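Asks: This is the content of run.cif (mmCIF, C-alpha atoms):
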```
data_structure
loop_
_atom_site.group_PDB
_atom_site.id
_atom_site.type_symbol
_atom_site.label_atom_id
_atom_site.label_comp_id
_atom_site.auth_asym_id
_atom_site.auth_seq_id
_atom_site.Cartn_x
_atom_site.Cartn_y
_atom_site.Cartn_z
ATOM 1 C CA MET A 1 -5.669 30.028 -15.239
ATOM 2 C CA ALA A 2 -7.779 28.541 -18.038
ATOM 3 C CA GLU A 3 -8.448 24.812 -18.072
ATOM 4 C CA TYR A 4 -8.413 22.795 -21.295
ATOM 5 C CA GLU A 5 -9.625 19.381 -22.275
ATOM 6 C CA ARG A 6 -6.806 16.871 -21.775
ATOM 7 C CA TYR A 7 -6.143 13.822 -23.947
ATOM 8 C CA GLU A 8 -3.487 11.117 -23.857
ATOM 9 C CA LYS A 9 -0.695 11.512 -26.387
ATOM 10 C CA GLY A 10 -1.016 9.304 -29.465
ATOM 11 C CA GLY A 11 -4.662 8.559 -28.695
ATOM 12 C CA THR A 12 -7.668 9.090 -30.951
ATOM 13 C CA LYS A 13 -10.150 11.950 -30.605
ATOM 14 C CA GLN A 14 -13.320 12.749 -32.543
ATOM 15 C CA PHE A 15 -13.605 16.474 -33.236
ATOM 16 C CA THR A 16 -17.057 17.755 -34.191
ATOM 17 C CA VAL A 17 -18.495 20.994 -35.534
ATOM 18 C CA SER A 18 -22.107 22.065 -36.094
ATOM 19 C CA PHE A 19 -23.642 24.828 -38.235
ATOM 20 C CA SER A 20 -26.928 26.637 -37.807
ATOM 21 C CA VAL A 21 -27.522 26.326 -41.560
ATOM 22 C CA ALA A 22 -26.184 23.765 -43.998
ATOM 23 C CA PRO A 23 -22.846 25.113 -45.298
ATOM 24 C CA GLY A 24 -23.143 23.292 -48.604
ATOM 25 C CA VAL A 25 -19.391 22.650 -48.632
ATOM 26 C CA THR A 26 -17.197 20.369 -46.547
ATOM 27 C CA PRO A 27 -15.208 22.002 -43.710
ATOM 28 C CA SER A 28 -11.637 21.066 -42.801
ATOM 29 C CA LEU A 29 -9.870 20.669 -39.487
ATOM 30 C CA ALA A 30 -6.280 21.736 -38.789
ATOM 31 C CA ILE A 31 -4.252 21.193 -35.604
ATOM 32 C CA TYR A 32 -1.400 23.518 -34.626
ATOM 33 C CA ASP A 33 1.192 23.336 -31.850
ATOM 34 C CA LYS A 34 1.960 26.191 -29.439
ATOM 35 C CA ASN A 35 4.265 27.769 -32.043
ATOM 36 C CA GLU A 36 1.418 27.834 -34.606
ATOM 37 C CA THR A 37 3.160 25.148 -36.649
ATOM 38 C CA LEU A 38 0.734 22.924 -38.546
ATOM 39 C CA VAL A 39 0.721 19.422 -37.043
ATOM 40 C CA SER A 40 -2.060 17.802 -39.094
ATOM 41 C CA SER A 41 -5.086 18.586 -41.229
ATOM 42 C CA ALA A 42 -8.061 16.614 -42.527
ATOM 43 C CA THR A 43 -11.297 17.044 -44.449
ATOM 44 C CA ALA A 44 -14.377 16.400 -42.323
ATOM 45 C CA SER A 45 -16.975 13.676 -42.779
ATOM 46 C CA GLN A 46 -20.651 14.599 -42.691
ATOM 47 C CA SER A 47 -23.009 13.129 -40.085
ATOM 48 C CA SER A 48 -26.025 15.311 -40.961
ATOM 49 C CA ASP A 49 -26.851 18.391 -43.022
ATOM 50 C CA TYR A 50 -25.480 20.571 -40.239
ATOM 51 C CA ASP A 51 -22.932 18.376 -38.446
ATOM 52 C CA TYR A 52 -19.416 17.266 -39.396
ATOM 53 C CA TYR A 53 -16.642 15.339 -37.679
ATOM 54 C CA VAL A 54 -13.010 14.287 -37.989
ATOM 55 C CA ILE A 55 -11.512 11.290 -36.169
ATOM 56 C CA GLN A 56 -7.964 12.414 -35.538
ATOM 57 C CA THR A 57 -4.867 10.743 -34.095
ATOM 58 C CA LEU A 58 -3.540 13.067 -31.415
ATOM 59 C CA PRO A 59 0.054 14.380 -31.385
ATOM 60 C CA SER A 60 2.723 12.248 -29.729
ATOM 61 C CA THR A 61 4.352 15.233 -28.016
ATOM 62 C CA VAL A 62 2.979 16.523 -24.720
ATOM 63 C CA GLY A 63 1.866 20.158 -24.786
ATOM 64 C CA LEU A 64 -0.837 22.680 -25.624
ATOM 65 C CA TYR A 65 -2.449 22.600 -29.091
ATOM 66 C CA SER A 66 -5.112 24.496 -30.985
ATOM 67 C CA TYR A 67 -7.643 23.089 -33.443
ATOM 68 C CA VAL A 68 -9.156 25.201 -36.203
ATOM 69 C CA TRP A 69 -12.295 24.407 -38.190
ATOM 70 C CA LYS A 70 -12.455 26.235 -41.520
ATOM 71 C CA VAL A 71 -15.109 26.364 -44.223
ATOM 72 C CA THR A 72 -15.141 28.655 -47.257
ATOM 73 C CA ILE A 73 -18.513 29.800 -48.552
ATOM 74 C CA SER A 74 -18.794 32.167 -51.538
ATOM 75 C CA GLY A 75 -15.166 33.125 -51.132
ATOM 76 C CA LYS A 76 -15.528 33.983 -47.429
ATOM 77 C CA ASP A 77 -13.759 31.977 -44.706
ATOM 78 C CA TYR A 78 -15.637 30.934 -41.581
ATOM 79 C CA ILE A 79 -13.370 29.804 -38.742
ATOM 80 C CA SER A 80 -13.938 28.231 -35.322
ATOM 81 C CA ARG A 81 -11.070 27.657 -32.869
ATOM 82 C CA GLY A 82 -10.412 25.713 -29.685
ATOM 83 C CA LEU A 83 -7.589 24.557 -27.415
ATOM 84 C CA PHE A 84 -6.679 21.211 -25.912
ATOM 85 C CA GLU A 85 -3.767 19.717 -23.999
ATOM 86 C CA VAL A 86 -1.932 16.493 -24.791
ATOM 87 C CA ILE A 87 -0.667 14.708 -21.676
ATOM 88 C CA GLU A 88 1.153 11.497 -20.857
ATOM 89 C CA THR A 89 0.140 9.236 -18.011
ATOM 90 C CA THR A 90 2.720 6.627 -17.115
ATOM 91 C CA ALA A 91 1.874 3.739 -14.809
ATOM 92 C CA ASP A 92 5.446 3.299 -13.580
ATOM 93 C CA GLU A 93 7.768 6.242 -13.135
ATOM 94 C CA ALA A 94 10.700 4.095 -11.970
ATOM 95 C CA GLY A 95 10.176 4.993 -8.331
ATOM 96 C CA LEU A 96 10.034 8.769 -8.794
ATOM 97 C CA TYR A 97 7.943 10.625 -6.238
ATOM 98 C CA SER A 98 6.223 12.832 -8.825
ATOM 99 C CA HIS A 99 5.490 12.897 -12.550
ATOM 100 C CA PRO A 100 6.320 15.418 -15.306
ATOM 101 C CA ASN A 101 2.605 16.091 -15.684
ATOM 102 C CA ASP A 102 2.461 17.080 -11.999
ATOM 103 C CA LEU A 103 4.922 19.867 -12.808
ATOM 104 C CA ARG A 104 2.890 20.994 -15.820
ATOM 105 C CA ARG A 105 -0.277 21.148 -13.754
ATOM 106 C CA LEU A 106 1.562 23.088 -11.060
ATOM 107 C CA TYR A 107 2.857 25.675 -13.548
ATOM 108 C CA LYS A 108 0.910 25.973 -16.789
ATOM 109 C CA LYS A 109 3.632 27.945 -18.607
ATOM 110 C CA LEU A 110 6.214 25.203 -18.149
ATOM 111 C CA ASP A 111 5.953 24.124 -21.789
ATOM 112 C CA GLN A 112 7.285 27.528 -22.846
ATOM 113 C CA LEU A 113 10.709 26.380 -21.627
ATOM 114 C CA ASP A 114 10.801 23.546 -24.194
ATOM 115 C CA LEU A 115 11.874 20.944 -21.634
ATOM 116 C CA THR A 116 11.302 17.308 -22.546
ATOM 117 C CA ASN A 117 9.778 14.718 -20.215
ATOM 118 C CA GLU A 118 13.256 13.313 -19.690
ATOM 119 C CA ASP A 119 14.489 16.762 -18.660
ATOM 120 C CA LEU A 120 11.637 17.022 -16.164
ATOM 121 C CA ARG A 121 12.267 13.516 -14.843
ATOM 122 C CA GLN A 122 15.885 14.460 -14.164
ATOM 123 C CA TYR A 123 14.794 17.472 -12.124
ATOM 124 C CA ILE A 124 12.380 15.221 -10.228
ATOM 125 C CA ALA A 125 15.096 12.620 -9.631
ATOM 126 C CA ASP A 126 17.407 15.350 -8.285
ATOM 127 C CA ALA A 127 14.657 16.627 -5.979
ATOM 128 C CA ASP A 128 13.935 13.085 -4.762
ATOM 129 C CA ALA A 129 17.643 12.559 -4.057
ATOM 130 C CA VAL A 130 17.657 15.628 -1.804
ATOM 131 C CA ILE A 131 14.534 14.431 0.019
ATOM 132 C CA ASN A 132 15.995 10.939 0.510
ATOM 133 C CA ALA A 133 19.324 12.290 1.762
ATOM 134 C CA ARG A 134 17.698 14.676 4.220
ATOM 135 C CA LEU A 135 15.233 12.119 5.624
ATOM 136 C CA SER A 136 17.401 8.986 5.577
ATOM 137 C CA SER A 137 18.293 9.335 9.269
ATOM 138 C CA MET A 138 14.619 9.403 10.271
ATOM 139 C CA TYR A 139 12.906 7.139 7.687
ATOM 140 C CA THR A 140 13.728 4.173 5.502
ATOM 141 C CA VAL A 141 14.241 5.571 2.012
ATOM 142 C CA PRO A 142 13.339 5.521 -0.795
ATOM 143 C CA PHE A 143 9.675 5.674 0.171
ATOM 144 C CA ALA A 144 7.295 3.115 -1.305
ATOM 145 C CA THR A 145 5.574 4.526 -4.395
ATOM 146 C CA SER A 146 2.626 2.114 -4.498
ATOM 147 C CA VAL A 147 -0.727 3.916 -4.413
ATOM 148 C CA SER A 148 -1.750 2.836 -0.901
ATOM 149 C CA SER A 149 1.660 3.196 0.768
ATOM 150 C CA PHE A 150 2.930 6.452 -0.701
ATOM 151 C CA PRO A 151 3.018 9.554 1.546
ATOM 152 C CA PRO A 152 1.318 12.418 -0.363
ATOM 153 C CA LEU A 153 3.465 15.024 1.393
ATOM 154 C CA ILE A 154 6.584 13.497 -0.170
ATOM 155 C CA GLY A 155 4.977 13.763 -3.606
ATOM 156 C CA ARG A 156 4.153 17.401 -2.949
ATOM 157 C CA LEU A 157 7.708 18.134 -1.810
ATOM 158 C CA SER A 158 9.107 16.326 -4.854
ATOM 159 C CA LYS A 159 7.117 18.219 -7.474
ATOM 160 C CA THR A 160 7.448 21.589 -5.736
ATOM 161 C CA LEU A 161 11.195 21.268 -5.202
ATOM 162 C CA ALA A 162 11.694 20.113 -8.801
ATOM 163 C CA LEU A 163 9.627 23.029 -10.149
ATOM 164 C CA VAL A 164 11.466 25.542 -7.973
ATOM 165 C CA GLU A 165 14.807 24.310 -9.321
ATOM 166 C CA ILE A 166 13.532 24.510 -12.910
ATOM 167 C CA LEU A 167 12.296 28.070 -12.487
ATOM 168 C CA ASP A 168 15.479 29.028 -10.652
ATOM 169 C CA ASP A 169 17.599 27.646 -13.507
ATOM 170 C CA HIS A 170 15.461 29.394 -16.145
ATOM 171 C CA ALA A 171 14.647 32.628 -14.292
ATOM 172 C CA ILE A 172 15.815 34.688 -17.252
ATOM 173 C CA HIS A 173 13.075 33.059 -19.354
ATOM 174 C CA VAL A 174 10.201 33.060 -16.876
ATOM 175 C CA GLY A 175 10.650 36.614 -15.591
ATOM 176 C CA THR A 176 11.943 38.253 -12.450
ATOM 177 C CA ASP A 177 8.407 38.568 -11.071
ATOM 178 C CA LEU A 178 8.660 34.903 -10.047
ATOM 179 C CA LEU A 179 11.794 35.367 -7.931
ATOM 180 C CA ASP A 180 9.878 36.211 -4.740
ATOM 181 C CA TRP A 181 7.595 33.218 -5.344
ATOM 182 C CA ILE A 182 10.627 30.952 -5.818
ATOM 183 C CA GLU A 183 12.292 32.175 -2.622
ATOM 184 C CA GLY A 184 9.056 31.783 -0.672
ATOM 185 C CA LYS A 185 8.620 28.223 -1.909
ATOM 186 C CA LYS A 186 12.248 27.388 -1.057
ATOM 187 C CA GLU A 187 11.707 28.603 2.499
ATOM 188 C CA ARG A 188 8.510 26.566 2.948
ATOM 189 C CA ILE A 189 10.127 23.447 1.505
ATOM 190 C CA GLU A 190 13.091 23.858 3.850
ATOM 191 C CA LYS A 191 10.831 24.279 6.885
ATOM 192 C CA THR A 192 8.804 21.185 5.975
ATOM 193 C CA ILE A 193 11.831 18.957 5.359
ATOM 194 C CA THR A 194 13.473 20.190 8.567
ATOM 195 C CA ALA A 195 10.302 19.401 10.534
ATOM 196 C CA LEU A 196 10.335 15.874 9.103
ATOM 197 C CA GLU A 197 14.055 15.563 9.874
ATOM 198 C CA VAL A 198 13.692 16.428 13.552
ATOM 199 C CA GLY A 199 10.438 14.531 14.007
ATOM 200 C CA SER A 200 8.119 17.459 14.721
ATOM 201 C CA LEU A 201 6.054 16.553 11.632
ATOM 202 C CA THR A 202 4.645 13.072 11.018
ATOM 203 C CA LEU A 203 4.329 11.379 7.636
ATOM 204 C CA VAL A 204 1.163 9.458 6.720
ATOM 205 C CA ASN A 205 0.422 7.453 3.595
ATOM 206 C CA THR A 206 -2.596 7.781 1.297
ATOM 207 C CA ALA A 207 -4.502 5.348 3.507
ATOM 208 C CA GLY A 208 -4.030 7.690 6.468
ATOM 209 C CA GLU A 209 -1.597 5.367 8.242
ATOM 210 C CA VAL A 210 1.423 6.795 10.046
ATOM 211 C CA ILE A 211 4.716 5.871 8.370
ATOM 212 C CA ALA A 212 7.054 4.371 10.956
ATOM 213 C CA ARG A 213 10.288 6.157 11.743
ATOM 214 C CA LYS A 214 13.539 4.332 12.305
ATOM 215 C CA VAL A 215 13.876 2.852 15.798
ATOM 216 C CA ASP A 216 15.958 4.848 18.325
ATOM 217 C CA THR A 217 16.518 7.647 15.880
ATOM 218 C CA GLU A 218 17.863 10.862 17.350
ATOM 219 C CA VAL A 219 19.147 13.773 15.357
ATOM 220 C CA TRP A 220 22.130 15.267 17.216
ATOM 221 C CA SER A 221 23.304 18.811 16.732
ATOM 222 C CA SER A 222 26.192 20.652 18.346
ATOM 223 C CA THR A 223 23.939 23.724 18.566
ATOM 224 C CA LYS A 224 20.756 22.009 19.728
ATOM 225 C CA ASP A 225 20.786 23.819 23.115
ATOM 226 C CA TYR A 226 21.745 27.160 21.607
ATOM 227 C CA HIS A 227 20.642 29.574 18.913
ATOM 228 C CA PRO A 228 21.996 28.257 15.564
ATOM 229 C CA THR A 229 25.140 29.954 14.321
ATOM 230 C CA PHE A 230 23.932 29.935 10.730
ATOM 231 C CA ALA A 231 20.410 31.009 9.783
ATOM 232 C CA MET A 232 18.316 32.519 6.986
ATOM 233 C CA ILE A 233 19.440 36.054 7.879
ATOM 234 C CA GLU A 234 22.119 38.344 6.482
ATOM 235 C CA TYR A 235 25.667 37.024 6.892
ATOM 236 C CA GLU A 236 26.728 40.042 8.967
ATOM 237 C CA GLU A 237 23.967 39.315 11.506
ATOM 238 C CA GLN A 238 24.989 35.712 12.150
ATOM 239 C CA PHE A 239 26.951 35.034 15.346
ATOM 240 C CA ILE A 240 27.832 32.309 17.854
ATOM 241 C CA ASP A 241 25.485 32.133 20.849
ATOM 242 C CA ASP A 242 27.171 33.744 23.894
ATOM 243 C CA ASP A 243 25.925 30.910 26.131
ATOM 244 C CA ARG A 244 27.739 28.388 23.964
ATOM 245 C CA ILE A 245 30.988 30.384 24.193
ATOM 246 C CA ASP A 246 30.648 30.602 28.004
ATOM 247 C CA ASP A 247 29.975 26.862 28.321
ATOM 248 C CA GLU A 248 32.989 25.944 26.160
ATOM 249 C CA GLU A 249 35.230 28.311 28.125
ATOM 250 C CA ASP A 250 34.035 26.715 31.379
ATOM 251 C CA GLU A 251 34.807 23.232 30.008
ATOM 252 C CA ARG A 252 38.327 24.386 29.092
ATOM 253 C CA ASP A 253 38.810 26.299 32.380
ATOM 254 C CA LEU A 254 39.402 29.499 30.437
#
```
Written as structure tokens, how would this file's structure read?

Replies:
Amino acid sequence: MAEYERYEKGGTKQFTVSFSVAPGVTPSLAIYDKNETLVSSATASQSSDYDYYVIQTLPSTVGLYSYVWKVTISGKDYISRGLFEVIETTADEAGLYSHPNDLRRLYKKLDQLDLTNEDLRQYIADADAVINARLSSMYTVPFATSVSSFPPLIGRLSKTLALVEILDDHAIHVGTDLLDWIEGKKERIEKTITALEVGSLTLVNTAGEVIARKVDTEVWSSTKDYHPTFAMIEYEEQFIDDDRIDDEEDERDL
């Protein structure tokens, strides 16, 4: 996947272009969004016989953009193109475990779905709610989101779970080739959260310190000594453990 220069939305960027010979005419710069809609255009200023620049205010909408330098000499157009990405970095995400930009970095084609930052934040909030609900018996939730105290694994679960739900909801738009990837991610997320739930996996914060679990926490299950009745297999293959049936019959003197 190609990497592009990234700039903060609404910021200022100096675009430059150089020629091997003096063009004799002033070039212009145009910026287009991903749909090839013109966002802005400007005539360049000259810094030397061969070099020109434009100081441009960047778009206020996050996404991928192209810039096009154009100069016309003797009726012939000379064009140079490039790509850049406009991002948004927010200091406080109201306690969310991940950021919309985390999702965009995880899946570069996300902008093709035309989801706003608020849409992405809602998916993240939903993912965080699942994480909090599942881990509330083992840890104090919500987890601290300060830089030094935050557990990176929770951030990874948050952004991955949110992205999986987005792609699942928009599978018709992203293609069926992603379905196996989505199911694989769901399975890994489930295994990780379950390991945290039962205490077989330990959380650490960004400073490498172990995050304390709740005191005297024990997760009780009616099937803990038996094979689970329900599993990630076909419905027809799921059954109650024979040992559990025998034990219950013995308790009831059957």

Asks: For range 64-74 of chain A, work out the shell of residues within 9 Å, counting all atoms listed in the file and skipping chain neighbours fewer than 6 positions away, then give it as a ChimeraX atom specification.

Replies: /A:4,15,17,23-36,80-87,111

Asks: Keeping only C-alpha atoms, write the selected residues as a PDB file, keeping the file's coordinate frame.

Replies:
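What follows is the written file again_7.pdb:
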```pdb
ATOM      1  CA  TYR A   4      -8.413  22.795 -21.295  1.00  0.00           C
ATOM      2  CA  PHE A  15     -13.605  16.474 -33.236  1.00  0.00           C
ATOM      3  CA  VAL A  17     -18.495  20.994 -35.534  1.00  0.00           C
ATOM      4  CA  PRO A  23     -22.846  25.113 -45.298  1.00  0.00           C
ATOM      5  CA  GLY A  24     -23.143  23.292 -48.604  1.00  0.00           C
ATOM      6  CA  VAL A  25     -19.391  22.650 -48.632  1.00  0.00           C
ATOM      7  CA  THR A  26     -17.197  20.369 -46.547  1.00  0.00           C
ATOM      8  CA  PRO A  27     -15.208  22.002 -43.710  1.00  0.00           C
ATOM      9  CA  SER A  28     -11.637  21.066 -42.801  1.00  0.00           C
ATOM     10  CA  LEU A  29      -9.870  20.669 -39.487  1.00  0.00           C
ATOM     11  CA  ALA A  30      -6.280  21.736 -38.789  1.00  0.00           C
ATOM     12  CA  ILE A  31      -4.252  21.193 -35.604  1.00  0.00           C
ATOM     13  CA  TYR A  32      -1.400  23.518 -34.626  1.00  0.00           C
ATOM     14  CA  ASP A  33       1.192  23.336 -31.850  1.00  0.00           C
ATOM     15  CA  LYS A  34       1.960  26.191 -29.439  1.00  0.00           C
ATOM     16  CA  ASN A  35       4.265  27.769 -32.043  1.00  0.00           C
ATOM     17  CA  GLU A  36       1.418  27.834 -34.606  1.00  0.00           C
ATOM     18  CA  SER A  80     -13.938  28.231 -35.322  1.00  0.00           C
ATOM     19  CA  ARG A  81     -11.070  27.657 -32.869  1.00  0.00           C
ATOM     20  CA  GLY A  82     -10.412  25.713 -29.685  1.00  0.00           C
ATOM     21  CA  LEU A  83      -7.589  24.557 -27.415  1.00  0.00           C
ATOM     22  CA  PHE A  84      -6.679  21.211 -25.912  1.00  0.00           C
ATOM     23  CA  GLU A  85      -3.767  19.717 -23.999  1.00  0.00           C
ATOM     24  CA  VAL A  86      -1.932  16.493 -24.791  1.00  0.00           C
ATOM     25  CA  ILE A  87      -0.667  14.708 -21.676  1.00  0.00           C
ATOM     26  CA  ASP A 111       5.953  24.124 -21.789  1.00  0.00           C
TER      27      ASP A 111
END
```

Asks: Between CA of Leu153 in chain A and CA of Thr61 in chain A, what distance in Å does the model show, to one decimal?

Replies: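 According to the coordinates, CA of Leu153 in chain A and CA of Thr61 in chain A are separated by 29.4 Å.
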
Asks: In Å to one decimal, how far is CA of Asn205 in chain A from CA of Ser146 in chain A?

Replies: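 Between CA of Ser146 in chain A and CA of Asn205 in chain A the gap works out to 9.9 Å.
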
Asks: Could you jot down the CA of Arg134 in chain A to CA of Leu113 in chain A separation for me, Å, one decimal place?

Replies: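 One can read the CA of Arg134 in chain A to CA of Leu113 in chain A distance as 29.2 Å.
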
Asks: Taking 5 positions as the minimum chain separation for residues in the same chain, which residues sit within 9 Å of Ile211 in chain A when counting only C-alpha atoms? Answer as a list in words.

Replies: Tyr139, Ser149, Pro151, Thr202, Leu203, Val204 and Asn205 of chain A

Asks: Pick out the residues sitting within 6 Å of Tyr53 in chain A, and hand them over as a ChimeraX atom specification; count all atoms listed in the file, and ignore anything fewer than 3 positions along from it in its own chain.

Replies: /A:15-16,44-45

Asks: Check what the PyMOL selection byres ((chain A and resi 59) around 7) selects in the file above and give those residues as a list in words.

Replies: Lys9, Gly10, Thr57, Leu58, Ser60 and Thr61 of chain A

Asks: Could you tell me which of A:Arg6, A:Ala207, A:Arg213, A:Ile193 comes closest to Ala133 in chain A if we count all atoms listed in the file?

Replies: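 Going through A:Arg6, A:Ala207, A:Arg213, A:Ile193 one by one, the smallest distance to Ala133 in chain A is for A:Ile193.
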
Asks: From the set A:Leu115, A:Ala195, A:Ile154, A:Val164, which residue has the shortest atom-to-atom contact distance to Trp181 in chain A, counting only C-alpha atoms?

Replies: A:Val164

Asks: What does the PyMOL selection byres ((chain A and resi 106) around 12) select in this file, as a list in words?

Replies: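 When the PyMOL selection byres ((chain A and resi 106) around 12) is applied, the selected residues are Met1, Ser98, His99, Pro100, Asn101, Asp102, Leu103, Arg104, Arg105, Tyr107, Lys108, Lys109, Leu110, Asp111, Arg156, Ser158, Lys159, Thr160, Leu161, Ala162, Leu163, Val164 and Leu167 of chain A.
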